[in-house]
Every structure is written in structure tokens, then in C-alpha cells.
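Take a look at the structure below.
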Amino acid sequence: MIEKPVIDVRDLVVAFGSRAVLNGVTFDVRKGEVFGFVGGSGSGKSVLLRTIIGLLPRRSGSIEVLGERLDTATDEARRQIERRWGVLFQQGALFSSLTALQNVQFPMVEYLDLPQRLMDEMAAAKLDMVGLRRADHNKMPSELSGGMTKRVALARSLALDPELVFLDEPTSGLDPIAAGDFDALIRTLQQTLGLTVFMITHDLESLKTICDRVGALADGKVVATGSIQTMLQNDHPWVQEYFRGRRATSLFSPANPAHAGITPPGA
Amino acid sequence: MGSPPSLVARPGAGQVELTAEGSWTVAHARSLDGLIDETVQRMPPGQPVSVDMHRITTLDTYGAWLIERLVRARENLPGGVRLEGLPERYKSLFDQIQRADRAPPVPAPSRFSISGKLEQLGRATVGFGNELLAFASMLGALVLSLGRVIANPRSFRLTSTVHHLDRVGWKAVPIMLLITFLIGCIIAQQGFFHFRKFGADAYVVDMVGILVLREIGVLIVAIMMAGRSGSAYTAELGSMKMREEIDALRTMGRDPVDVLILPRILALVIALPILTFLGSMAALYGGGVVAYFYGGMSPDIYIERLREAVSLTHFEVGMIKAPFMALVIGVVACAQGLAVKGSAESLGLETTASVVKSIFLVIVLDGLFAVFFAAVDM
Ligand SMILES: Nc1ncnc2c1ncn2[C@@H]1O[C@H](COP(=O)(O)OP(=O)(O)OP(=O)(O)O)[C@@H](O)[C@H]1O
Ligand SMILES: [Mg+2]
């Protein structure tokens with residue numbers, strides 16, 4: 001039996017006023033895979049993400065996440081689902097009146113009934129895992145750099161060890177070393193916890209190293225899905241330009257086989 | 001969910017053997033936390049410990065961390081803790097968890113101590129001084145900016161000023177008229193009610209006229225203005241500050257005072273006298289309406305009495321105060337807006353402070369003016 005997809009989007013239409021940003025988007029994300037999502041700036045990737053998690057209304061189409069349709073789910077069912085996913089927003093969306101550590105603890109306080117000591121340790125451990133130094137744990141979001149904000153937001157999205165994470169450009173604003181660490185972390189979590197990742201990214205390196213499948217959004221539709229190899233062979237003009245453009249070719253050329261995998265540090 | 005986790009100890013030859021079973025995940029984190037603490041306390045310090053993990057069915061970062069906590073608790077004891085039989089797929093998760101810093105979490109500074117209270121007092125005092133300084137420097141920057149505009153009138157932001165005039169002036173007219181009308185009604189009604197006992201009905205008009213023109217008209221309008229427009233200014237400038245818009249403006253060679261603050265304050269300074277005038281008229285009208293319906297005084301007599309009771313001086317006193325009050329409201333609102341730090345909480349604090357301070361200063365200013373006008377016999 002084929003397992004039910006974790007995210008199942010059919011014929012989704014989302015419009016602002018008369019302008020349809022998404023016009024018939026169909027794709028699915030399977031359990032335990034890292035799904036990379038690409039598309040030009042302003043093509044509607046963030047809108048898609050916000051629609052899937054129920055922040056934006058849709059005109060038509062259906063969305064199923066973790067086997068439930070969110071719009072028909074009861075409040076309690078919705079809460080149960082929200083506990084099973086984590087979201088990293090493009091701008092971080094940290095709570096500005098809480099410290100970095102408190103931001104990571106926030107979902108734990110909301111959803112889990114744990115002793116304070118364990119929550120302190122877990123939040124600190126999560127921040128360590130995303131590479132935020134101890135000295136920065138008690139800083140307010142306004143005192144964090146752009147890359148540090150991204151890390152804290154990532155730690156917060158992973159706070160509850162979710163089954164599914166939505167990441168909107170997680171590596172933008174990170175230096176290449178940090179981006180590499182991020183890739184390793186996501187790989188580890190995917191392999192050990194069976195984490196499913198829906199990741200919007202412009203980072204070709206991330207696409208190559210950790211994404212099992214890639215979807216491309218153009219003209220309000222998903223024009224291609226599949227492994228990097230299939231994307232390279234796709235003949236949609238935008239996809240061609242994206243994956244065979246000047247920056248991509250050096251990375252995806254046969255001399256650098258795609259999906260070479262990475263070794264997590266210390267392994 | 002999986003089967004509940006367990007950690008069973010079996011004293012072996014010269015070492016303690018622990019067997020971990022079940023699902024070591026966040027769902028069971030609470031019981032695991034107790035289990036680990038208990039185990040750490042119960043184990044004899046001298047013996048090495050081994051943990052057999054091959055019967056763990058599921059593991060996540062919570063479970064991994066709790067095992068790591070056990071390892072770290074006995075790190076410095078002879079033998080330490082040996083982990084055995086960790087399922088292959090969880091190896092890298094452990095590597096990630098072991099990266100966690102060994103330093104204990106930095107505690108947040110506590111504020112419940114005498115020295116903390118003293119520190120707070122000191123900070124509050126310095127803060128008060130800084131606020132005075134911010135007020136003065138905003139006033140200075142405003143004068144400079146005005147000077148630049150006079151020297152080079154083309155740099156004046158007319159469109160922006162008109163836009164703000166529309167927001168704080170024109171759009172405020174209905175609510176200001178309504179409120180001052182009601183205040184006029186209430187003063188007249190109270191006057192008739194109490195003065196009637198002394199047969200002093202006719203003096204109600206004097207009271208209404210003088211009170212409204214000299215004090216109430218301008219005060220009510222200024223306080224409304226502080227609540228309605230001052231708070232908006234603070235919130236706008238504050239969120240611009242939070243999103244670095246003000247810094248961006250500066251880097252493009254534009255002084256935020258010229259672009260954002262001067263038009264706003266100028267609009268207030270123009271709008272407040274006009275609204276004061278309209279408000280005073282509405283209050284007098286309200287007084288007249290009450291005089292007619294409640295006091296049984298015909299409009300002709302009301303107007304006649306008004307003409308005798310109030311002079312141009314009373315009107316002038318009210319109108320002279322208006323622009324100064326507008327200036328105070330505007331400067332406080334803008335200075336407060338620029339004082340916003342990164343958090344939403346600070347935006348709220350500064351907005352509250354802006355309204356409270358500007359109302360307070362408006363009333364202080366009113367008192368100073370009272371002294372001044374008494375001295376110059378107005
Ligand atoms: N609230 C909104 N109201 C109106 N239009 C919107 C709104 N949010 C987004 N849009 C429009 O939808 C389109 C898609 O925006 P979106 O943020 O999804 O882009 P994106 O693909 O995430 O781009 P980027 O890679 O730059 O983040 C844009 O044209 C944007 O102007
Ligand atoms: Mg986006």
C-alpha cells in the first residue's frame with residue numbers, strides 16, 4: 001500500500017482581489033522526505049506555505065495536511081495537528097518581547113506539561129543544535145543579527161520534535177558554513193526522527209545535498225516535481241533556466257553528482 | 001505514541017547495568033525526566049554504569065537529551081557511563097545532542113533583590129533625565145529643521161503636511177464637535193441646577209462663556225488630540241524605528257526630522273487652534289441649547305448675555321494656548337516614538353507614555369499660562 005502523503009494539495013487557487021497568485025497548484029509531499037520548493041521571487045511560494053498552514057483563505061481546491069483537511073477540522077483537531085508541525089517564517093517572526101531562549105520554549109510551555117528545568121535544558125540544547133552561542137541565548141530578538149534570528153526561528157520550529165516542518169528560506173542570511181550545518185541538521189533529523197520537511201529555498205547547495213524531491217512554481221502552477229535529475233531534464237523554460245543557468249550548471253554538472261550526500265559532523 | 005519508556009537497573013559485577021526500553025519521546029518526556037533524576041540519585045557513585053539501549057523503539061531529541069543528562073551527571077565519576085546497543089539510525093541524533101554546550105543555561109538576571117531595586121531606582125532617575133534631554137533635543141531638532149525650511153522653502157514637505165492636517169485636523173472635526181458640545185451642555189446644566197438656588201441664573205452664561213473660551217475648550221481639545229493623534233504619531237514612528245525605516249531614511253541623506261516629524265508637528269500646530277475654535281463654538285452652542293430647553297432662557301437673551309460677559313481677551317487667552325499645547329503634544333509624541341526599541345512591548349510602553357506625558361504636560365502648561373495671564377492682566 002502506498003502511504004498517504006503528508007501534504008496533499010489539489011487544484012489550489014489563491015487570489016488577492018482579482019489577481020490569482022496561485023492558479024491550480026497540485027502536488028504532494030510524502031512521509032519522511034525533504035521536499036524543496038523553488039520559484040522566482042514573488043511567484044507565490046510564501047503565499048502557498050501560508051495557505052497550507054491555514055493563514056490565508058483559498059478560492060478553491062483542497063489541502064490535506066497530516067491526513068486532515070484543516071478547514072473542516074474541529075478546533076481541537078486543528079490544535080492536535082498544529083502541535084505536530086513546526087513553521088519557520090521567512091522573516092523569522094520571533095516574539096519580540098521574549099528572549100531567544102523563551103521563544104524556543106514558547107511552544108513547549110503551550111503544548112507540553114514539563115518541568116521548567118527540562119524545558120530550559122531542551123531549549124538551550126535546541127539552540128546549541130542550530131549553532132547559537134550560549135552568550136546569545138538571553139538576547140532579545142531586536143539584538144540578534146539576521147542569521148541569528150534565522151537560527152532561533154529554526155530552533156523554535158523544531159522545539160516540539162514535530163513530524164513535519166515548513167521552512168521558508170531557512171538558509172538565506174546564513175554564511176555557507178552555517179548553511180552546511182543546517183543541511184546536516186535537517187538530514188540528521190530526517191533520518192533519525194523521520195521528519196518530513198517542506199522547504200522553500202533559493203539555496204542550490206541545499207537543494208542538491210538534502211532535497212529528495214523538488215517542486216518548481218511558475219505562473220501560479222507547479223510546473224515540475226521530481227528529483228534534481230528529472231528537473232534537469234524538464235523542458236519548461238523557467239525550470240531550464242533555473243537548473244541550467246549560469247550558477248546552477250557548475251553545481252549540478254555530472255562532475256559533481258547530485259545527491260552526493262553529506263556526512264554529519266562527528267560521524 | 002508507542003509503549004511507555006522504562007529504565008531498569010540491574011547491579012552486575014562491579015558495575016550497574018541499565019536497560020532502557022520503549023519509546024523515549026517527547027510524549028513521555030515528563031515521566032522520563034523523573035526516571036532519569038531518580039536513577040541518577042540512586043546509583044552508587046563508585047561504579048561504572050552501562051546503558052543498554054537496543055530495546056528503545058523510538059527516540060527523539062527529548063529522549064536523547066535525557067540520556068545525555070544521565071551521561072553528564074556521572075561524567076566526572078570513575079567509570080562514567082557507557083552507552084551500548086544504540087540503534088544505528090539514532091547515532092547521528094546523539095552526535096547532534098552531544099554538541100549541546102556543557103555550560104549550564106545562563107540564568108536570566110533576577111530582579112527581586114535590594115540591589116536590584118536600587119538599580120531600578122537609579123535607572124529610573126537616569127531615564128527621567130534622558131527623557132528631558134530627548135524632549136529638549138527634539139525641540140532643538142525641530143527648530144533647526146524649521147530654520148532649514150525657511151532658508152530653503154522648496155525643501156518643505158507640503159504634501160505630507162497637508163496629508164497629516166487631513167488626518168489630525170479635518171477627520172477629527174466631528175468627534176471634537178460632539179465632545180465639546182456635550183461638555184458645553186453639561187456645564188450649562190450644572191450651572192442652572194446649582195445657581196438657581198441663589199437666583200443667579202443669569203450668571204450661568206458668564207460662567208459657560210468664560211470657562212469654555214479660556215479653559216475648557218482648549219483643554220478638552222488638546223487632551224483629545226493627545227489621545228487621538230499623539231498616540232498615532234508615537235505608534236507610527238515607533239514601528240518605523242523597529243523596522244529600520246528611519247535608519248534607511250538617514251542613509252539616503254534625509255533627516256527624519258525634516259521628512260517625518262516636522263510635517264506631523266506642524267499639522268498639529270495648525271489643527272489644534274482651529275479645532276479649539278470650532279470646539280469652543282460647539283460648547284457655547286451646547287450651553288445655549290441647554291439654556292433654552294432646561295434653563296428657559298431664550299436664544300436672544302443667551303447671546304446678549306454672552307456678548308456682555310465675554311470679551312475678546314477671553315477668546316484670545318484660549319487661542320494663544322492652543323499652538324503651544326499642540327507643540328508639546330507633538331514633540332512628546334515624536335520623541336517617544338523615536339525612543340521605541342526593538343520589541344512590540346516597548347512600542348506599547350512608549351505609546352502609553354506618550355499619551356500620559358503629553359496630557360500631563362498640557363495641564364502643567366495650562367497652569368503656567370494661568371500664572372502668566374494673571375501677571376499680564378489678561
Ligand atoms: N497580503 C497580500 N496582499 C496582496 N498581495 C500579496 C499579499 N501577499 C503576497 N502578495 C503577492 O503575492 C505574490 C507572491 O508573494 P510571495 O510572498 O508568496 O512571494 P515568494 O514566492 O515567497 O517570493 P520570495 O522568494 O521573494 O519570498 C507577490 O506578487 C505579492 O505581491
Ligand atoms: Mg517568500
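By order in the C-alpha cells, chains are A, B, ...; within a chain, residues start at 1; ligands start at 1, following the order shown.
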Taking only C-alpha atoms into account, what are the residues of chain A at most 6 Å from chain B, put as a count of residues only?
7
Spatial neighbours of segment 21-36 of chain A, max dist 7 Å, only C-alpha atoms, sep filter under 5 positions, as a PyMOL selection string
chain A and resi 5-15+44+190+194-201+207+210-215+220-222
Output the selection as an mmCIF file, in the first residue's frame - N, CA and C atoms for each residue.
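The resulting file, result.cif, is reproduced below:
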```cif
data_model
loop_
_atom_site.group_PDB
_atom_site.id
_atom_site.type_symbol
_atom_site.label_atom_id
_atom_site.label_comp_id
_atom_site.auth_asym_id
_atom_site.auth_seq_id
_atom_site.Cartn_x
_atom_site.Cartn_y
_atom_site.Cartn_z
ATOM 1 N N PRO A 5 0.113 10.721 1.476
ATOM 2 C CA PRO A 5 1.053 11.839 1.550
ATOM 3 C C PRO A 5 0.814 12.697 2.796
ATOM 4 N N VAL A 6 1.896 13.321 3.263
ATOM 5 C CA VAL A 6 1.795 14.169 4.447
ATOM 6 C C VAL A 6 1.118 15.495 4.092
ATOM 7 N N ILE A 7 1.492 16.015 2.936
ATOM 8 C CA ILE A 7 0.803 17.209 2.438
ATOM 9 C C ILE A 7 0.227 16.858 1.079
ATOM 10 N N ASP A 8 -1.041 17.131 0.906
ATOM 11 C CA ASP A 8 -1.681 16.812 -0.359
ATOM 12 C C ASP A 8 -2.461 18.042 -0.824
ATOM 13 N N VAL A 9 -1.970 18.681 -1.856
ATOM 14 C CA VAL A 9 -2.609 19.906 -2.343
ATOM 15 C C VAL A 9 -3.162 19.640 -3.732
ATOM 16 N N ARG A 10 -4.461 19.932 -3.935
ATOM 17 C CA ARG A 10 -5.088 19.675 -5.245
ATOM 18 C C ARG A 10 -5.736 20.949 -5.767
ATOM 19 N N ASP A 11 -5.361 21.339 -6.983
ATOM 20 C CA ASP A 11 -6.031 22.427 -7.717
ATOM 21 C C ASP A 11 -6.241 23.673 -6.865
ATOM 22 N N LEU A 12 -5.240 24.030 -6.133
ATOM 23 C CA LEU A 12 -5.378 25.155 -5.204
ATOM 24 C C LEU A 12 -5.364 26.489 -5.959
ATOM 25 N N VAL A 13 -6.343 27.332 -5.665
ATOM 26 C CA VAL A 13 -6.380 28.682 -6.234
ATOM 27 C C VAL A 13 -6.400 29.678 -5.080
ATOM 28 N N VAL A 14 -5.448 30.604 -5.104
ATOM 29 C CA VAL A 14 -5.416 31.669 -4.096
ATOM 30 C C VAL A 14 -5.278 32.986 -4.832
ATOM 31 N N ALA A 15 -6.114 33.950 -4.463
ATOM 32 C CA ALA A 15 -6.078 35.223 -5.178
ATOM 33 C C ALA A 15 -6.190 36.373 -4.196
ATOM 34 N N GLY A 44 4.899 33.352 -5.419
ATOM 35 C CA GLY A 44 3.815 32.868 -4.558
ATOM 36 C C GLY A 44 4.171 31.711 -3.657
ATOM 37 N N GLN A 190 15.852 14.185 9.703
ATOM 38 C CA GLN A 190 15.040 13.423 8.769
ATOM 39 C C GLN A 190 15.323 11.929 8.914
ATOM 40 N N GLY A 194 12.495 10.681 11.230
ATOM 41 C CA GLY A 194 11.529 10.539 10.146
ATOM 42 C C GLY A 194 10.828 11.841 9.838
ATOM 43 N N LEU A 195 11.523 12.948 10.096
ATOM 44 C CA LEU A 195 10.955 14.268 9.865
ATOM 45 C C LEU A 195 10.636 14.486 8.387
ATOM 46 N N THR A 196 9.471 15.052 8.132
ATOM 47 C CA THR A 196 9.125 15.463 6.773
ATOM 48 C C THR A 196 9.347 16.960 6.671
ATOM 49 N N VAL A 197 10.010 17.375 5.611
ATOM 50 C CA VAL A 197 10.374 18.785 5.501
ATOM 51 C C VAL A 197 9.795 19.369 4.222
ATOM 52 N N PHE A 198 9.071 20.471 4.364
ATOM 53 C CA PHE A 198 8.648 21.250 3.206
ATOM 54 C C PHE A 198 9.457 22.526 3.254
ATOM 55 N N MET A 199 10.351 22.676 2.297
ATOM 56 C CA MET A 199 11.324 23.752 2.415
ATOM 57 C C MET A 199 11.333 24.625 1.168
ATOM 58 N N ILE A 200 11.006 25.887 1.351
ATOM 59 C CA ILE A 200 11.160 26.844 0.266
ATOM 60 C C ILE A 200 12.604 27.300 0.304
ATOM 61 N N THR A 201 13.275 27.280 -0.797
ATOM 62 C CA THR A 201 14.674 27.690 -0.746
ATOM 63 C C THR A 201 15.157 28.193 -2.097
ATOM 64 N N LEU A 207 19.415 22.387 -2.090
ATOM 65 C CA LEU A 207 18.594 21.581 -2.998
ATOM 66 C C LEU A 207 19.342 20.319 -3.373
ATOM 67 N N ILE A 210 20.311 18.033 0.279
ATOM 68 C CA ILE A 210 19.351 17.375 1.175
ATOM 69 C C ILE A 210 17.969 17.119 0.601
ATOM 70 N N CYS A 211 17.642 17.714 -0.543
ATOM 71 C CA CYS A 211 16.264 17.547 -1.002
ATOM 72 C C CYS A 211 16.095 16.231 -1.742
ATOM 73 N N ASP A 212 15.098 15.448 -1.332
ATOM 74 C CA ASP A 212 14.805 14.214 -2.044
ATOM 75 C C ASP A 212 14.063 14.510 -3.324
ATOM 76 N N ARG A 213 13.123 15.466 -3.214
ATOM 77 C CA ARG A 213 12.389 15.870 -4.410
ATOM 78 C C ARG A 213 12.271 17.377 -4.415
ATOM 79 N N VAL A 214 12.046 17.902 -5.592
ATOM 80 C CA VAL A 214 11.950 19.343 -5.744
ATOM 81 C C VAL A 214 10.673 19.649 -6.509
ATOM 82 N N GLY A 215 10.001 20.738 -6.131
ATOM 83 C CA GLY A 215 8.866 21.213 -6.904
ATOM 84 C C GLY A 215 9.174 22.610 -7.388
ATOM 85 N N GLY A 220 1.963 30.545 -11.336
ATOM 86 C CA GLY A 220 0.863 30.135 -10.459
ATOM 87 C C GLY A 220 0.602 28.643 -10.435
ATOM 88 N N LYS A 221 1.484 27.863 -11.064
ATOM 89 C CA LYS A 221 1.281 26.415 -11.066
ATOM 90 C C LYS A 221 2.573 25.709 -10.689
ATOM 91 N N VAL A 222 2.441 24.497 -10.206
ATOM 92 C CA VAL A 222 3.639 23.690 -10.020
ATOM 93 C C VAL A 222 3.946 23.060 -11.369
#
```
Which residues sit within 12 Å of ligand 1, counting only C-alpha atoms and all ligand atoms, listed as a PyMOL selection string?
chain A and resi 14-23+37-51+55-57+89-91+167-170+172+199-203+216-221
How would the residues just chosen look if you wrote them out with N, CA and C atoms as a compact mmCIF listing (two decimals), in the first residue's frame?
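Once everything was written out, this is again_12.txt:
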```
# COMPACT_ATOMS: atom_id res chain seq x y z
N VAL A 14 -5.45 30.60 -5.10
CA VAL A 14 -5.42 31.67 -4.10
C VAL A 14 -5.28 32.99 -4.83
N ALA A 15 -6.11 33.95 -4.46
CA ALA A 15 -6.08 35.22 -5.18
C ALA A 15 -6.19 36.37 -4.20
N PHE A 16 -5.54 37.47 -4.54
CA PHE A 16 -5.73 38.73 -3.81
C PHE A 16 -6.51 39.64 -4.73
N GLY A 17 -7.71 39.99 -4.35
CA GLY A 17 -8.54 40.79 -5.25
C GLY A 17 -8.80 39.98 -6.50
N SER A 18 -8.49 40.57 -7.64
CA SER A 18 -8.77 39.85 -8.88
C SER A 18 -7.53 39.11 -9.38
N ARG A 19 -6.40 39.30 -8.67
CA ARG A 19 -5.16 38.72 -9.17
C ARG A 19 -4.91 37.36 -8.51
N ALA A 20 -4.93 36.32 -9.33
CA ALA A 20 -4.69 34.98 -8.81
C ALA A 20 -3.18 34.76 -8.70
N VAL A 21 -2.72 34.57 -7.48
CA VAL A 21 -1.29 34.31 -7.29
C VAL A 21 -1.00 32.83 -7.53
N LEU A 22 -1.87 31.98 -7.00
CA LEU A 22 -1.76 30.55 -7.26
C LEU A 22 -2.98 30.14 -8.07
N ASN A 23 -2.74 29.45 -9.16
CA ASN A 23 -3.84 29.17 -10.06
C ASN A 23 -3.83 27.70 -10.44
N PHE A 37 11.21 23.49 -2.48
CA PHE A 37 10.26 24.20 -3.32
C PHE A 37 10.94 25.43 -3.88
N VAL A 38 10.97 25.54 -5.19
CA VAL A 38 11.64 26.69 -5.79
C VAL A 38 10.65 27.47 -6.65
N GLY A 39 11.04 28.69 -6.96
CA GLY A 39 10.19 29.56 -7.77
C GLY A 39 10.77 30.95 -7.70
N GLY A 40 10.51 31.74 -8.72
CA GLY A 40 11.08 33.08 -8.76
C GLY A 40 10.57 33.93 -7.60
N SER A 41 11.25 35.04 -7.35
CA SER A 41 10.80 35.95 -6.30
C SER A 41 9.41 36.46 -6.65
N GLY A 42 8.51 36.39 -5.68
CA GLY A 42 7.16 36.90 -5.92
C GLY A 42 6.28 35.94 -6.67
N SER A 43 6.75 34.69 -6.84
CA SER A 43 5.91 33.75 -7.59
C SER A 43 4.82 33.13 -6.72
N GLY A 44 4.90 33.35 -5.42
CA GLY A 44 3.81 32.87 -4.56
C GLY A 44 4.17 31.71 -3.66
N LYS A 45 5.46 31.50 -3.42
CA LYS A 45 5.87 30.39 -2.56
C LYS A 45 5.41 30.61 -1.12
N SER A 46 5.68 31.82 -0.63
CA SER A 46 5.28 32.09 0.76
C SER A 46 3.77 32.08 0.89
N VAL A 47 3.07 32.55 -0.15
CA VAL A 47 1.62 32.52 -0.12
C VAL A 47 1.13 31.08 -0.05
N LEU A 48 1.77 30.19 -0.81
CA LEU A 48 1.40 28.78 -0.78
C LEU A 48 1.58 28.21 0.62
N LEU A 49 2.74 28.52 1.20
CA LEU A 49 3.01 27.99 2.54
C LEU A 49 1.96 28.49 3.53
N ARG A 50 1.68 29.79 3.47
CA ARG A 50 0.71 30.35 4.41
C ARG A 50 -0.68 29.78 4.19
N THR A 51 -0.98 29.43 2.95
CA THR A 51 -2.29 28.85 2.68
C THR A 51 -2.37 27.43 3.22
N LEU A 55 -3.29 30.10 7.13
CA LEU A 55 -3.28 31.52 7.47
C LEU A 55 -3.94 32.37 6.39
N LEU A 56 -4.00 31.85 5.17
CA LEU A 56 -4.63 32.60 4.09
C LEU A 56 -5.81 31.79 3.56
N PRO A 57 -6.89 32.46 3.18
CA PRO A 57 -8.02 31.73 2.63
C PRO A 57 -7.75 31.34 1.18
N PHE A 89 9.01 31.06 9.58
CA PHE A 89 8.57 32.10 8.65
C PHE A 89 9.77 32.78 8.01
N GLN A 90 9.51 33.36 6.83
CA GLN A 90 10.60 33.96 6.08
C GLN A 90 11.31 35.05 6.90
N GLN A 91 10.53 35.84 7.64
CA GLN A 91 11.15 36.92 8.42
C GLN A 91 11.45 36.49 9.85
N LEU A 167 9.57 25.26 6.20
CA LEU A 167 10.67 26.21 6.32
C LEU A 167 10.64 27.16 5.13
N ASP A 168 10.56 28.46 5.43
CA ASP A 168 10.56 29.44 4.34
C ASP A 168 11.94 30.08 4.28
N GLU A 169 12.72 29.67 3.32
CA GLU A 169 14.08 30.16 3.11
C GLU A 169 14.92 30.09 4.39
N PRO A 170 15.14 28.87 4.88
CA PRO A 170 15.87 28.73 6.15
C PRO A 170 17.33 29.15 6.05
N SER A 172 18.70 31.43 3.89
CA SER A 172 19.03 32.76 3.41
C SER A 172 19.52 33.58 4.60
N MET A 199 10.35 22.68 2.30
CA MET A 199 11.32 23.75 2.42
C MET A 199 11.33 24.63 1.17
N ILE A 200 11.01 25.89 1.35
CA ILE A 200 11.16 26.84 0.27
C ILE A 200 12.60 27.30 0.30
N THR A 201 13.28 27.28 -0.80
CA THR A 201 14.67 27.69 -0.75
C THR A 201 15.16 28.19 -2.10
N HIS A 202 16.11 29.10 -2.02
CA HIS A 202 16.82 29.52 -3.22
C HIS A 202 18.24 28.98 -3.21
N ASP A 203 18.52 28.16 -2.20
CA ASP A 203 19.89 27.72 -1.98
C ASP A 203 20.15 26.45 -2.79
N ALA A 216 8.74 22.94 -8.60
CA ALA A 216 9.02 24.27 -9.13
C ALA A 216 7.70 24.98 -9.40
N LEU A 217 7.61 26.21 -8.93
CA LEU A 217 6.40 27.00 -9.09
C LEU A 217 6.67 28.08 -10.13
N ALA A 218 5.82 28.12 -11.15
CA ALA A 218 5.93 29.19 -12.13
C ALA A 218 4.54 29.46 -12.69
N ASP A 219 4.25 30.71 -12.94
CA ASP A 219 2.94 31.11 -13.48
C ASP A 219 1.79 30.58 -12.63
N GLY A 220 1.96 30.55 -11.34
CA GLY A 220 0.86 30.14 -10.46
C GLY A 220 0.60 28.64 -10.43
N LYS A 221 1.48 27.86 -11.06
CA LYS A 221 1.28 26.41 -11.07
C LYS A 221 2.57 25.71 -10.69
```
Excluding same-chain residues fewer than 5 positions from Ile53 of chain A, what lies within 9 Å of it counting only C-alpha atoms, as a count of residues only?
6
Filtered DSSP result for segment 35-76 of chain A, state alpha helix (DSSP H), as a list in words:
Lys45, Ser46, Val47, Leu48, Leu49, Arg50, Thr51, Ile52, Asp75 and Glu76 of chain A
Counting only C-alpha atoms, which residue out of B:Leu219, B:Ala309, B:Leu177, B:Ala291 sits closest to Leu365 of chain B?
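Smallest separation from Leu365 of chain B among the options: B:Leu219.
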Can you tell me how far atom CA of Leu83 of chain B sits from atom CA of Val51 of chain B, in Å to one decimal?
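Atom CA of Leu83 of chain B sits 4.9 Å away from atom CA of Val51 of chain B.
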For Met224 of chain B, please output as a ChimeraX atom specification all residues within 10 Å (counting only C-alpha atoms; exclusion window: fewer than 3 positions along the same chain).
/B:172,175-176,179,218-221,227-230,355,359
Selection file, C-alpha atoms, as a PDB file, in the first residue's frame:
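Result file follows (selection.pdb):
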```pdb
ATOM      1  CA  ALA B 172     -11.094  64.953  13.933  1.00  0.00           C
ATOM      2  CA  ILE B 175     -15.701  63.884  17.277  1.00  0.00           C
ATOM      3  CA  MET B 176     -14.287  67.149  18.648  1.00  0.00           C
ATOM      4  CA  ILE B 179     -17.500  66.109  22.693  1.00  0.00           C
ATOM      5  CA  VAL B 218      -8.704  74.267  24.562  1.00  0.00           C
ATOM      6  CA  LEU B 219      -8.059  71.699  27.292  1.00  0.00           C
ATOM      7  CA  ILE B 220     -10.633  69.202  26.078  1.00  0.00           C
ATOM      8  CA  VAL B 221      -9.494  69.520  22.506  1.00  0.00           C
ATOM      9  CA  GLY B 227      -5.129  60.617  22.847  1.00  0.00           C
ATOM     10  CA  ARG B 228      -6.124  60.533  19.224  1.00  0.00           C
ATOM     11  CA  SER B 229      -3.184  61.880  17.251  1.00  0.00           C
ATOM     12  CA  GLY B 230      -0.262  61.867  19.672  1.00  0.00           C
ATOM     13  CA  VAL B 355      -0.305  59.938  25.919  1.00  0.00           C
ATOM     14  CA  ILE B 359      -1.745  65.135  28.832  1.00  0.00           C
TER      15      ILE B 359
END
```
Met231 of chain A: which residues within 10 Å, counting only C-alpha atoms, same-chain residues fewer than 2 positions away excluded, as JSON, numbers by chain?
{"A": [213, 214, 215, 216, 224, 225, 226, 227, 228, 229, 233, 234, 235, 236, 239, 240, 242, 243, 244]}
Polymer residues at most 7 Å from Pro162 of chain A, only C-alpha atoms, same-chain spacing of 3 or more positions, as a compact mmCIF listing (two decimals) with N, CA and C atoms, in the first residue's frame:
```
# COMPACT_ATOMS: atom_id res chain seq x y z
N ARG A 84 1.83 19.02 15.85
CA ARG A 84 2.69 18.07 15.15
C ARG A 84 3.51 18.71 14.04
N TRP A 85 3.33 20.01 13.84
CA TRP A 85 4.18 20.65 12.83
C TRP A 85 4.91 21.84 13.42
N GLY A 86 5.94 22.26 12.72
CA GLY A 86 6.67 23.47 13.10
C GLY A 86 6.79 24.36 11.88
N LEU A 158 11.53 23.63 15.52
CA LEU A 158 11.85 22.24 15.84
C LEU A 158 11.63 21.92 17.31
N VAL A 165 7.96 19.90 9.21
CA VAL A 165 8.30 21.31 9.36
C VAL A 165 8.15 22.03 8.04
```
Can you pull out the residues contacting Ala353 of chain B? Cut-off 10 Å, using only C-alpha atoms, and skip same-chain residues under 6 positions away; I want them as a list in words.
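Residues meeting the cut-off are Ser231, Thr234, Val332, Ala333, Gln336, Gly337, Leu347 and Ile359 of chain B.
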Name the residues of segment 182-267 of chain A that come out as strand (DSSP E or B) in a backbone DSSP run; write them as JSON, numbers by chain.
{"A": [196, 197, 198, 199, 200, 213, 214, 215, 216, 217, 218, 221, 222, 223, 224, 225, 226]}
Take the selection from the previous step and output its residues with N, CA and C atoms, as a CSV table (one decimal), in the first residue's frame.
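Saved to result14.csv:
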```csv
chain,number,residue,atom,x,y,z
A,196,THR,N,9.5,15.1,8.1
A,196,THR,CA,9.1,15.5,6.8
A,196,THR,C,9.3,17.0,6.7
A,197,VAL,N,10.0,17.4,5.6
A,197,VAL,CA,10.4,18.8,5.5
A,197,VAL,C,9.8,19.4,4.2
A,198,PHE,N,9.1,20.5,4.4
A,198,PHE,CA,8.6,21.3,3.2
A,198,PHE,C,9.5,22.5,3.3
A,199,MET,N,10.4,22.7,2.3
A,199,MET,CA,11.3,23.8,2.4
A,199,MET,C,11.3,24.6,1.2
A,200,ILE,N,11.0,25.9,1.4
A,200,ILE,CA,11.2,26.8,0.3
A,200,ILE,C,12.6,27.3,0.3
A,213,ARG,N,13.1,15.5,-3.2
A,213,ARG,CA,12.4,15.9,-4.4
A,213,ARG,C,12.3,17.4,-4.4
A,214,VAL,N,12.0,17.9,-5.6
A,214,VAL,CA,12.0,19.3,-5.7
A,214,VAL,C,10.7,19.6,-6.5
A,215,GLY,N,10.0,20.7,-6.1
A,215,GLY,CA,8.9,21.2,-6.9
A,215,GLY,C,9.2,22.6,-7.4
A,216,ALA,N,8.7,22.9,-8.6
A,216,ALA,CA,9.0,24.3,-9.1
A,216,ALA,C,7.7,25.0,-9.4
A,217,LEU,N,7.6,26.2,-8.9
A,217,LEU,CA,6.4,27.0,-9.1
A,217,LEU,C,6.7,28.1,-10.1
A,218,ALA,N,5.8,28.1,-11.1
A,218,ALA,CA,5.9,29.2,-12.1
A,218,ALA,C,4.5,29.5,-12.7
A,221,LYS,N,1.5,27.9,-11.1
A,221,LYS,CA,1.3,26.4,-11.1
A,221,LYS,C,2.6,25.7,-10.7
A,222,VAL,N,2.4,24.5,-10.2
A,222,VAL,CA,3.6,23.7,-10.0
A,222,VAL,C,3.9,23.1,-11.4
A,223,VAL,N,5.0,23.5,-12.0
A,223,VAL,CA,5.3,23.1,-13.4
A,223,VAL,C,6.1,21.8,-13.4
A,224,ALA,N,6.8,21.5,-12.3
A,224,ALA,CA,7.5,20.3,-12.3
A,224,ALA,C,7.8,19.8,-10.9
A,225,THR,N,7.8,18.5,-10.7
A,225,THR,CA,8.2,17.9,-9.5
A,225,THR,C,9.1,16.7,-9.8
A,226,GLY,N,10.0,16.4,-8.9
A,226,GLY,CA,10.8,15.2,-9.0
A,226,GLY,C,12.2,15.5,-8.5
```
So how far away is atom CA of Phe277 of chain B from atom CA of Leu312 of chain B, in Å?
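Between these atoms lies a distance of 12.8 Å.
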Pick out the closest residue to Ser160 of chain B from this set: B:Lys321, B:Arg264, B:His194, B:Arg55. Count only C-alpha atoms.
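Nearest to Ser160 of chain B: B:Arg264.
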Rounded to one decimal in Å, what is the spacing between atom CA of Ser239 of chain B and atom CA of Leu268 of chain B?
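Those two atoms sit 20.3 Å apart.
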